[in-house]
Amino acid sequence: MKIITKKTGMKYLWGVLVFVILAGGVYGACSQKLKLQYYTEGTSKVTEPVRLAVLTDLHSTLYGRGQEELVQMLSLQKPDAVLLVGDIADHKVSHQGTQMLLAAIGHEYPCFYVSGNHEYWSGEVEAIKQMIDSYGVTILEGEKETLEVKGQKIQICGVDDPSGFAVYASSDGQKGGWERQFRDCQDSLEKEQYSVLMSHRPELTDFYTDSEFDLVVAGHAHGGQVRIPWLLNGLFAPGQGLFPSYAGGQYALGQTSMIVSRGLCRNKLPRIFNRPELVVVDVLPEIKEQQEVFHVY
């Protein structure tokens with residue numbers, strides 16, 4: 001009979017602990033569980049809070065029967081509007097997941113949509129837009145819609161993905177199709193009202209910076225696919241390459257803010273330390289410093 005000494009027992013215990021920690025780390029790193037990501041934006045252009053939900057890069061991914069996991073999480077946030085920022089459908093995956101989501105939310109909230117590259121790659125972008133429109137979602141193609149929330153006007157603008165244009169911008173003074181949509185949105189702005197630009201691509205910061213939009217919301221980068229917490233925010237993103245600058249998060253672009261969602265897709269490449277996310281943006285009134293008031297009696 002083998003006698004386990006206290007010293008040997010401690011070695012076994014440490015071995016078990018190391019195994020549990022490593023296994024937990026691997027599980028956590030590879031987790032595909034949907035997370036909720038909050039951001040706040042302060043502005044003097046609203047007097048009451050406005051809550052915007054941002055959904056990008058679904059790629060028709062399924063989140064339970066009838067998309068119940070995603071829909072329930074969204075419902076609990078009570079958004080004032082839902083922004084669908086491209087690649088909601090996919091060019092290789094059935095549209096079933098997209099249709100189930102839209103059936104649940106299209107008539108429940110004010111919903112706005114702009115295209116992503118995968119809708120164009122499908123070769124049936126117009127049919128996809130018609131499908132999305134049939135669920136009560138507003139399609140934006142270089143246009144502005146005004147959303148009224150608690151007596152306030154919020155400008156929601158949107159542009160198609162550049163994949164839909166042979167030339168999206170040019171240096172000879174002629175505007176390509178994408179840039180024309182972008183400039184049309186700019187020209188439509190009422191400067192005293194809060195404005196949001198929906199654009200699938202985060203890398204087009206030369207256009208977004210100090211663009212007079214208060215907020216740009218984007219996706220496309222899928223969080224850089226692989227992350228290392230506190231060290232690497234993303235390994236690779238389309239349109240940005242290795243170590244992307246705008247993989248996911250909140251960025252200051254002069255007077256314009258940009259929020260990039262890490263997206264909802266879990267159909268494709270593995271995500272490491274990069275869980276799919278539902279983004280919620282709270283647009284809050286700026287709190288001005290109270291000035292001391294002297295009362296004379």
# chains A, B, ... in the order shown; residues from 1 in each chain; ligands from 1

$ select_by_dssp --residues "stretch 66-291 of chain A" --states "alpha helix (DSSP H)" --output "PDB file with N, CA and C atoms, in the first residue's frame"
ATOM      1  N   GLU A  68     -33.621  33.775 -29.177  1.00  0.00           N
ATOM      2  CA  GLU A  68     -34.115  34.207 -27.872  1.00  0.00           C
ATOM      3  C   GLU A  68     -33.023  34.759 -26.960  1.00  0.00           C
ATOM      4  N   GLU A  69     -31.802  34.213 -27.016  1.00  0.00           N
ATOM      5  CA  GLU A  69     -30.732  34.714 -26.146  1.00  0.00           C
ATOM      6  C   GLU A  69     -30.418  36.173 -26.460  1.00  0.00           C
ATOM      7  N   LEU A  70     -30.258  36.474 -27.729  1.00  0.00           N
ATOM      8  CA  LEU A  70     -29.943  37.837 -28.148  1.00  0.00           C
ATOM      9  C   LEU A  70     -31.135  38.760 -27.949  1.00  0.00           C
ATOM     10  N   VAL A  71     -32.313  38.294 -28.310  1.00  0.00           N
ATOM     11  CA  VAL A  71     -33.516  39.130 -28.201  1.00  0.00           C
ATOM     12  C   VAL A  71     -33.822  39.459 -26.744  1.00  0.00           C
ATOM     13  N   GLN A  72     -33.675  38.496 -25.840  1.00  0.00           N
ATOM     14  CA  GLN A  72     -33.943  38.751 -24.428  1.00  0.00           C
ATOM     15  C   GLN A  72     -32.944  39.733 -23.847  1.00  0.00           C
ATOM     16  N   MET A  73     -31.670  39.569 -24.205  1.00  0.00           N
ATOM     17  CA  MET A  73     -30.661  40.510 -23.715  1.00  0.00           C
ATOM     18  C   MET A  73     -30.960  41.924 -24.210  1.00  0.00           C
ATOM     19  N   LEU A  74     -31.359  42.028 -25.467  1.00  0.00           N
ATOM     20  CA  LEU A  74     -31.707  43.330 -26.038  1.00  0.00           C
ATOM     21  C   LEU A  74     -32.918  43.923 -25.328  1.00  0.00           C
ATOM     22  N   SER A  75     -33.922  43.111 -25.107  1.00  0.00           N
ATOM     23  CA  SER A  75     -35.160  43.578 -24.483  1.00  0.00           C
ATOM     24  C   SER A  75     -34.908  44.149 -23.086  1.00  0.00           C
ATOM     25  N   LEU A  76     -34.017  43.515 -22.336  1.00  0.00           N
ATOM     26  CA  LEU A  76     -33.736  43.978 -20.977  1.00  0.00           C
ATOM     27  C   LEU A  76     -33.084  45.363 -20.967  1.00  0.00           C
ATOM     28  N   GLN A  77     -32.464  45.750 -22.075  1.00  0.00           N
ATOM     29  CA  GLN A  77     -31.781  47.055 -22.133  1.00  0.00           C
ATOM     30  C   GLN A  77     -32.738  48.202 -22.444  1.00  0.00           C
ATOM     31  N   GLN A  96     -31.754  32.490 -42.330  1.00  0.00           N
ATOM     32  CA  GLN A  96     -32.717  32.142 -41.290  1.00  0.00           C
ATOM     33  C   GLN A  96     -32.469  32.919 -39.993  1.00  0.00           C
ATOM     34  N   GLY A  97     -31.201  32.987 -39.562  1.00  0.00           N
ATOM     35  CA  GLY A  97     -30.886  33.698 -38.325  1.00  0.00           C
ATOM     36  C   GLY A  97     -31.202  35.175 -38.418  1.00  0.00           C
ATOM     37  N   THR A  98     -30.938  35.760 -39.575  1.00  0.00           N
ATOM     38  CA  THR A  98     -31.257  37.168 -39.805  1.00  0.00           C
ATOM     39  C   THR A  98     -32.758  37.394 -39.729  1.00  0.00           C
ATOM     40  N   GLN A  99     -33.506  36.539 -40.395  1.00  0.00           N
ATOM     41  CA  GLN A  99     -34.962  36.686 -40.425  1.00  0.00           C
ATOM     42  C   GLN A  99     -35.580  36.515 -39.044  1.00  0.00           C
ATOM     43  N   MET A 100     -35.070  35.570 -38.260  1.00  0.00           N
ATOM     44  CA  MET A 100     -35.608  35.357 -36.914  1.00  0.00           C
ATOM     45  C   MET A 100     -35.368  36.580 -36.033  1.00  0.00           C
ATOM     46  N   LEU A 101     -34.183  37.177 -36.145  1.00  0.00           N
ATOM     47  CA  LEU A 101     -33.895  38.375 -35.355  1.00  0.00           C
ATOM     48  C   LEU A 101     -34.809  39.521 -35.770  1.00  0.00           C
ATOM     49  N   LEU A 102     -34.926  39.755 -37.067  1.00  0.00           N
ATOM     50  CA  LEU A 102     -35.730  40.875 -37.545  1.00  0.00           C
ATOM     51  C   LEU A 102     -37.203  40.693 -37.214  1.00  0.00           C
ATOM     52  N   ALA A 103     -37.667  39.451 -37.259  1.00  0.00           N
ATOM     53  CA  ALA A 103     -39.061  39.184 -36.905  1.00  0.00           C
ATOM     54  C   ALA A 103     -39.346  39.549 -35.459  1.00  0.00           C
ATOM     55  N   ALA A 104     -38.334  39.406 -34.605  1.00  0.00           N
ATOM     56  CA  ALA A 104     -38.510  39.688 -33.175  1.00  0.00           C
ATOM     57  C   ALA A 104     -38.379  41.162 -32.838  1.00  0.00           C
ATOM     58  N   ILE A 105     -37.552  41.899 -33.588  1.00  0.00           N
ATOM     59  CA  ILE A 105     -37.249  43.273 -33.175  1.00  0.00           C
ATOM     60  C   ILE A 105     -37.732  44.339 -34.155  1.00  0.00           C
ATOM     61  N   ASN A 117     -20.039  44.480 -46.167  1.00  0.00           N
ATOM     62  CA  ASN A 117     -19.437  43.879 -47.361  1.00  0.00           C
ATOM     63  C   ASN A 117     -20.032  42.516 -47.697  1.00  0.00           C
ATOM     64  N   HIS A 118     -20.425  41.737 -46.695  1.00  0.00           N
ATOM     65  CA  HIS A 118     -20.922  40.393 -46.992  1.00  0.00           C
ATOM     66  C   HIS A 118     -22.280  40.417 -47.691  1.00  0.00           C
ATOM     67  N   GLU A 119     -23.095  41.411 -47.398  1.00  0.00           N
ATOM     68  CA  GLU A 119     -24.345  41.524 -48.147  1.00  0.00           C
ATOM     69  C   GLU A 119     -24.073  41.780 -49.633  1.00  0.00           C
ATOM     70  N   TYR A 120     -23.032  42.568 -49.919  1.00  0.00           N
ATOM     71  CA  TYR A 120     -22.673  42.794 -51.320  1.00  0.00           C
ATOM     72  C   TYR A 120     -22.035  41.555 -51.933  1.00  0.00           C
ATOM     73  N   TRP A 121     -21.199  40.859 -51.150  1.00  0.00           N
ATOM     74  CA  TRP A 121     -20.558  39.660 -51.683  1.00  0.00           C
ATOM     75  C   TRP A 121     -21.581  38.581 -52.035  1.00  0.00           C
ATOM     76  N   VAL A 125     -27.703  41.812 -52.807  1.00  0.00           N
ATOM     77  CA  VAL A 125     -27.848  42.846 -51.787  1.00  0.00           C
ATOM     78  C   VAL A 125     -29.221  43.515 -51.840  1.00  0.00           C
ATOM     79  N   GLU A 126     -29.750  43.740 -53.031  1.00  0.00           N
ATOM     80  CA  GLU A 126     -31.053  44.405 -53.126  1.00  0.00           C
ATOM     81  C   GLU A 126     -32.151  43.517 -52.557  1.00  0.00           C
ATOM     82  N   ALA A 127     -32.071  42.220 -52.808  1.00  0.00           N
ATOM     83  CA  ALA A 127     -33.056  41.293 -52.241  1.00  0.00           C
ATOM     84  C   ALA A 127     -32.939  41.249 -50.725  1.00  0.00           C
ATOM     85  N   ILE A 128     -31.715  41.303 -50.210  1.00  0.00           N
ATOM     86  CA  ILE A 128     -31.505  41.310 -48.755  1.00  0.00           C
ATOM     87  C   ILE A 128     -32.093  42.576 -48.149  1.00  0.00           C
ATOM     88  N   LYS A 129     -31.864  43.709 -48.821  1.00  0.00           N
ATOM     89  CA  LYS A 129     -32.428  44.963 -48.313  1.00  0.00           C
ATOM     90  C   LYS A 129     -33.954  44.928 -48.318  1.00  0.00           C
ATOM     91  N   GLN A 130     -34.522  44.364 -49.358  1.00  0.00           N
ATOM     92  CA  GLN A 130     -35.982  44.257 -49.410  1.00  0.00           C
ATOM     93  C   GLN A 130     -36.500  43.367 -48.287  1.00  0.00           C
ATOM     94  N   MET A 131     -35.774  42.286 -48.009  1.00  0.00           N
ATOM     95  CA  MET A 131     -36.157  41.400 -46.911  1.00  0.00           C
ATOM     96  C   MET A 131     -36.106  42.150 -45.576  1.00  0.00           C
ATOM     97  N   ILE A 132     -35.033  42.884 -45.356  1.00  0.00           N
ATOM     98  CA  ILE A 132     -34.879  43.627 -44.103  1.00  0.00           C
ATOM     99  C   ILE A 132     -35.962  44.699 -43.987  1.00  0.00           C
ATOM    100  N   ASP A 133     -36.221  45.385 -45.081  1.00  0.00           N
ATOM    101  CA  ASP A 133     -37.264  46.411 -45.109  1.00  0.00           C
ATOM    102  C   ASP A 133     -38.642  45.829 -44.777  1.00  0.00           C
ATOM    103  N   GLY A 177     -18.938  56.933 -55.215  1.00  0.00           N
ATOM    104  CA  GLY A 177     -20.276  56.648 -54.696  1.00  0.00           C
ATOM    105  C   GLY A 177     -20.368  56.662 -53.184  1.00  0.00           C
ATOM    106  N   TRP A 178     -19.414  56.027 -52.503  1.00  0.00           N
ATOM    107  CA  TRP A 178     -19.464  56.004 -51.040  1.00  0.00           C
ATOM    108  C   TRP A 178     -19.277  57.411 -50.483  1.00  0.00           C
ATOM    109  N   GLU A 179     -18.291  58.120 -51.001  1.00  0.00           N
ATOM    110  CA  GLU A 179     -18.040  59.475 -50.494  1.00  0.00           C
ATOM    111  C   GLU A 179     -19.236  60.375 -50.761  1.00  0.00           C
ATOM    112  N   ARG A 180     -19.917  60.181 -51.864  1.00  0.00           N
ATOM    113  CA  ARG A 180     -21.106  60.990 -52.150  1.00  0.00           C
ATOM    114  C   ARG A 180     -22.171  60.745 -51.084  1.00  0.00           C
ATOM    115  N   GLN A 181     -22.376  59.495 -50.723  1.00  0.00           N
ATOM    116  CA  GLN A 181     -23.331  59.196 -49.655  1.00  0.00           C
ATOM    117  C   GLN A 181     -22.900  59.856 -48.344  1.00  0.00           C
ATOM    118  N   PHE A 182     -21.614  59.757 -48.040  1.00  0.00           N
ATOM    119  CA  PHE A 182     -21.087  60.333 -46.805  1.00  0.00           C
ATOM    120  C   PHE A 182     -21.307  61.847 -46.793  1.00  0.00           C
ATOM    121  N   ARG A 183     -20.987  62.519 -47.869  1.00  0.00           N
ATOM    122  CA  ARG A 183     -21.141  63.977 -47.930  1.00  0.00           C
ATOM    123  C   ARG A 183     -22.617  64.380 -47.891  1.00  0.00           C
ATOM    124  N   ASP A 184     -23.470  63.574 -48.512  1.00  0.00           N
ATOM    125  CA  ASP A 184     -24.900  63.872 -48.441  1.00  0.00           C
ATOM    126  C   ASP A 184     -25.383  63.822 -46.990  1.00  0.00           C
ATOM    127  N   CYS A 185     -24.894  62.858 -46.246  1.00  0.00           N
ATOM    128  CA  CYS A 185     -25.246  62.779 -44.818  1.00  0.00           C
ATOM    129  C   CYS A 185     -24.730  64.001 -44.070  1.00  0.00           C
ATOM    130  N   GLN A 186     -23.483  64.361 -44.337  1.00  0.00           N
ATOM    131  CA  GLN A 186     -22.914  65.553 -43.701  1.00  0.00           C
ATOM    132  C   GLN A 186     -23.741  66.795 -43.991  1.00  0.00           C
ATOM    133  N   ASP A 187     -24.088  66.972 -45.256  1.00  0.00           N
ATOM    134  CA  ASP A 187     -24.818  68.182 -45.665  1.00  0.00           C
ATOM    135  C   ASP A 187     -26.206  68.256 -45.048  1.00  0.00           C
ATOM    136  N   THR A 205     -11.184  56.504 -41.056  1.00  0.00           N
ATOM    137  CA  THR A 205     -11.116  57.593 -40.073  1.00  0.00           C
ATOM    138  C   THR A 205     -10.736  58.933 -40.692  1.00  0.00           C
ATOM    139  N   ASP A 206     -10.118  58.919 -41.869  1.00  0.00           N
ATOM    140  CA  ASP A 206      -9.823  60.192 -42.529  1.00  0.00           C
ATOM    141  C   ASP A 206     -11.118  60.958 -42.812  1.00  0.00           C
ATOM    142  N   PHE A 207     -12.189  60.233 -43.039  1.00  0.00           N
ATOM    143  CA  PHE A 207     -13.490  60.867 -43.270  1.00  0.00           C
ATOM    144  C   PHE A 207     -14.192  61.194 -41.950  1.00  0.00           C
ATOM    145  N   TYR A 208     -14.095  60.301 -40.982  1.00  0.00           N
ATOM    146  CA  TYR A 208     -14.864  60.466 -39.756  1.00  0.00           C
ATOM    147  C   TYR A 208     -14.332  61.565 -38.837  1.00  0.00           C
TER     148      TYR A 208
END

$ residues_around --residues "stretch 188-193 of chain A" --least-positions-apart "3" --cutoff "9 Å" --atoms "only C-alpha atoms" --output "number ranges by chain"
A: 45-46, 143-144, 152-155, 157, 183-185, 212-213

$ write_last_selection --atoms "N, CA and C atoms" --output "compact mmCIF listing (two decimals), in the first residue's frame"
# COMPACT_ATOMS: atom_id res chain seq x y z
N LYS A 45 -26.17 68.34 -26.35
CA LYS A 45 -27.27 68.37 -27.32
C LYS A 45 -28.49 67.56 -26.88
N VAL A 46 -28.40 66.87 -25.74
CA VAL A 46 -29.57 66.19 -25.19
C VAL A 46 -29.76 66.64 -23.75
N GLU A 143 -28.53 58.63 -46.39
CA GLU A 143 -29.67 59.46 -45.99
C GLU A 143 -29.68 59.68 -44.48
N LYS A 144 -30.56 60.57 -44.07
CA LYS A 144 -30.75 60.87 -42.65
C LYS A 144 -32.21 60.63 -42.27
N GLN A 152 -36.77 64.94 -27.82
CA GLN A 152 -35.50 65.36 -28.43
C GLN A 152 -35.38 64.76 -29.82
N LYS A 153 -34.65 65.45 -30.67
CA LYS A 153 -34.42 64.96 -32.02
C LYS A 153 -32.99 64.43 -32.15
N ILE A 154 -32.90 63.15 -32.55
CA ILE A 154 -31.61 62.50 -32.77
C ILE A 154 -31.50 62.18 -34.25
N GLN A 155 -30.42 62.63 -34.88
CA GLN A 155 -30.23 62.41 -36.31
C GLN A 155 -29.49 61.08 -36.53
N CYS A 157 -27.92 58.87 -39.39
CA CYS A 157 -27.47 58.84 -40.78
C CYS A 157 -26.81 57.50 -41.07
N ARG A 183 -20.99 62.52 -47.87
CA ARG A 183 -21.14 63.98 -47.93
C ARG A 183 -22.62 64.38 -47.89
N ASP A 184 -23.47 63.57 -48.51
CA ASP A 184 -24.90 63.87 -48.44
C ASP A 184 -25.38 63.82 -46.99
N CYS A 185 -24.89 62.86 -46.25
CA CYS A 185 -25.25 62.78 -44.82
C CYS A 185 -24.73 64.00 -44.07
N GLU A 212 -18.16 66.47 -38.02
CA GLU A 212 -19.38 67.13 -37.53
C GLU A 212 -20.44 66.12 -37.09
N PHE A 213 -20.18 64.81 -37.29
CA PHE A 213 -21.02 63.82 -36.63
C PHE A 213 -20.58 63.74 -35.18

$ closest_atom_pairs --of "stretch 28-139 of chain A" --to "stretch 224-248 of chain A" --cutoff "12 Å" --atoms "only C-alpha atoms" --output "Markdown table"
| residue | atom | partner | partner_atom | distance |
| --- | --- | --- | --- | --- |
| A:Gly28 | CA | A:Pro229 | CA | 11.6 |
| A:Ala29 | CA | A:Arg227 | CA | 8.9 |
| A:Cys30 | CA | A:Val226 | CA | 9.8 |
| A:Gln32 | CA | A:Gln225 | CA | 11.8 |
| A:Gln37 | CA | A:Gly248 | CA | 10.7 |
| A:Tyr39 | CA | A:Gly248 | CA | 11.7 |
| A:Thr56 | CA | A:Gly248 | CA | 11.6 |
| A:Asn117 | CA | A:Pro238 | CA | 10.6 |

$ write_last_selection --atoms "N, CA and C atoms" --output "mmCIF file, in the first residue's frame"
data_model
loop_
_atom_site.group_PDB
_atom_site.id
_atom_site.type_symbol
_atom_site.label_atom_id
_atom_site.label_comp_id
_atom_site.auth_asym_id
_atom_site.auth_seq_id
_atom_site.Cartn_x
_atom_site.Cartn_y
_atom_site.Cartn_z
ATOM 1 N N GLY A 28 -12.113 30.089 -20.776
ATOM 2 C CA GLY A 28 -12.415 31.520 -20.826
ATOM 3 C C GLY A 28 -11.934 32.157 -22.109
ATOM 4 N N ALA A 29 -10.745 31.744 -22.565
ATOM 5 C CA ALA A 29 -10.191 32.320 -23.781
ATOM 6 C C ALA A 29 -11.046 32.003 -24.990
ATOM 7 N N CYS A 30 -11.624 30.810 -25.021
ATOM 8 C CA CYS A 30 -12.382 30.368 -26.192
ATOM 9 C C CYS A 30 -13.890 30.568 -26.054
ATOM 10 N N GLN A 32 -17.551 31.604 -26.290
ATOM 11 C CA GLN A 32 -18.349 32.285 -27.311
ATOM 12 C C GLN A 32 -19.646 32.830 -26.715
ATOM 13 N N GLN A 37 -21.855 44.943 -23.731
ATOM 14 C CA GLN A 37 -20.805 45.956 -23.639
ATOM 15 C C GLN A 37 -21.429 47.349 -23.622
ATOM 16 N N TYR A 39 -21.180 51.564 -23.346
ATOM 17 C CA TYR A 39 -20.383 52.768 -23.520
ATOM 18 C C TYR A 39 -21.272 53.970 -23.193
ATOM 19 N N THR A 56 -23.904 44.438 -34.901
ATOM 20 C CA THR A 56 -23.138 44.340 -36.144
ATOM 21 C C THR A 56 -22.662 42.906 -36.346
ATOM 22 N N ASN A 117 -20.039 44.480 -46.167
ATOM 23 C CA ASN A 117 -19.437 43.879 -47.361
ATOM 24 C C ASN A 117 -20.032 42.516 -47.697
#

$ closest_residue --among "A:Val279, A:Cys265, A:Leu140, A:Val93" --to "A:Val217" --atoms "only C-alpha atoms"
A:Val279

$ residues_around --residues "A:Tyr109" --least-positions-apart "4" --cutoff "8 Å" --atoms "only C-alpha atoms" --output "PyMOL selection string"
chain A and resi 79-82+105

$ select_by_dssp --residues "stretch 11-223 of chain A" --states "strand (DSSP E)" --output "number ranges by chain"
A: 35-43, 50-55, 81-85, 111-114, 138-139, 143-149, 152-158, 194-198, 215-218

$ closest_residue --among "A:Asp210, A:Asp90, A:Glu277, A:Glu141" --to "A:Asp160" --atoms "only C-alpha atoms"
A:Glu141
